[in-house]
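To start, the structure under review is shown below, and the notes come after it.
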Amino acid sequence: MTVVDLINLEKYPILELDAPIAKTLVAQCSHELSKTGKCSLKQFLKPEIAARLAAEVKPALQDAYVQVMQHNVYFKKDDETLPENHPARHPITTSQNALAYDRVPADAGIRAIYNWKPLRDFIAQVVGLDTLYLHEDSMAPLNIMMLKDGDQLGWHYDRADFVTTLLLQAPETGGRFEYIPHLRSADDENYAGLSELLADAHPEKISLASEAGTLTLFQGIFSPHRVTQVSGATPRITSVLSYTKQPGVVFSESARKQFYGRAN
Ligand SMILES: [Fe+2]
């Protein structure tokens, strides 16, 4: 099977981006992304393919790096000059399992999808860029993230301009993607809004139960987000596809150690 056998090209005709139907799709997705910070393409994979791609990576996930950490929403060092109850210092718990790119099986379908140029070209157009590049780090380009019973990804802002995810397996309960569109801006941290969010009382919170096979583009620099605690025997398995605006991007050794537990 090749990538064209995996993707629902009837619903999402991204092979010919100059065709009017593809231009309409790009325009709709761009509009949704700029308005809400997110664009989701349901049933991006053909039926049954998500389960098959999940099955391909499950053996490797048994040895995934267990990330258990306390952090603040910025994933930055605690600022002790601020009052103890300042929302920027609020401790948040994350526990999840991260499979780095170098341990994703060489013949896994999700690896072929990540490297498939038509997808990269489509995403570039949606985010308004001429070109996107493959991430050149040994571990960061494509990660498989697994949340088992009791795991969660705590509230945070992203550092990357946007992130692309493809959900391979939905859990039975929990594992909802939640976010507040544009809570902060480049010139306003909006700590009052952040306090509301951390008290789980923000009126604009959006909470979504995603379906396996959904491709999502998300801009998380200004929109804090989390994945709620998973419960039940079925883990949430998602793939995170990282593309870059410039060629040659790699992680630092310390970032690799933080996210994958090893530098090489
Ligand atoms: Fe994120």
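Chain labels run A, B, ... following the order of the structure tokens; each chain numbers its residues from 1, and ligands are numbered from 1 in the order shown.
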
Test item: residues no farther than 9 Å from ligand 1, counting only C-alpha atoms and all ligand atoms, as a ChimeraX atom specification: /A:153,155-160,162-163,218-221,224-226

Near A:Arg184, within 10 Å and counting only C-alpha atoms, which residues show up once chain neighbours fewer than 2 positions away are dropped, as a list in words?
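The residues satisfying every condition are Tyr157, Ile180, Pro181, His182, Ala186, Asp187, Asp188, Glu189, Asn190, Tyr191, Gly193, Leu194, Ile221, Phe222, Ser223 and Pro224 of chain A.
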
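Within the 12 Å cut-off around A:Ala27, using only C-alpha atoms and omitting residues fewer than 6 positions from it on the same chain, the listed residues are Leu17, Pro20, Ile21, Leu33, Ser34, Cys39, Phe122, Ile123, Gln125, Val126, Val127 and Gly128 of chain A.
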
Inset, instruction - Would you mind listing what lies within 9 Å of A:Arg120 as an MDAnalysis selection string, with only C-alpha atoms counted and same-chain residues fewer than 5 positions away left out? - result: chainID A and resid 114:115 125 131:134 243

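Each of A:Thr81, A:Pro91, A:Gln229, A:Ala54 was checked against A:Asp151 using only C-alpha atoms; the smallest atom-to-atom distance is that of A:Gln229.
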
Which residue of A:Leu217, A:Ala199, A:Leu82, A:Met139 approaches A:Val104 most closely, using only C-alpha atoms
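Closest residue, counting only C-alpha atoms: A:Met139.
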
Of the candidates A:Leu198, A:Ala108, A:Leu45, A:Ala124, which shows the shortest atom-to-atom distance to A:Val73, using only C-alpha atoms?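 Answer, going by the shortest atom-to-atom distance: A:Leu198.
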
Q. Near stretch 231-241 of chain A, within 9 Å and counting only C-alpha atoms, which residues show up once chain neighbours fewer than 6 positions away are dropped, as a ChimeraX atom specification?
A. /A:54,110,114,135,140-151,163-175,212
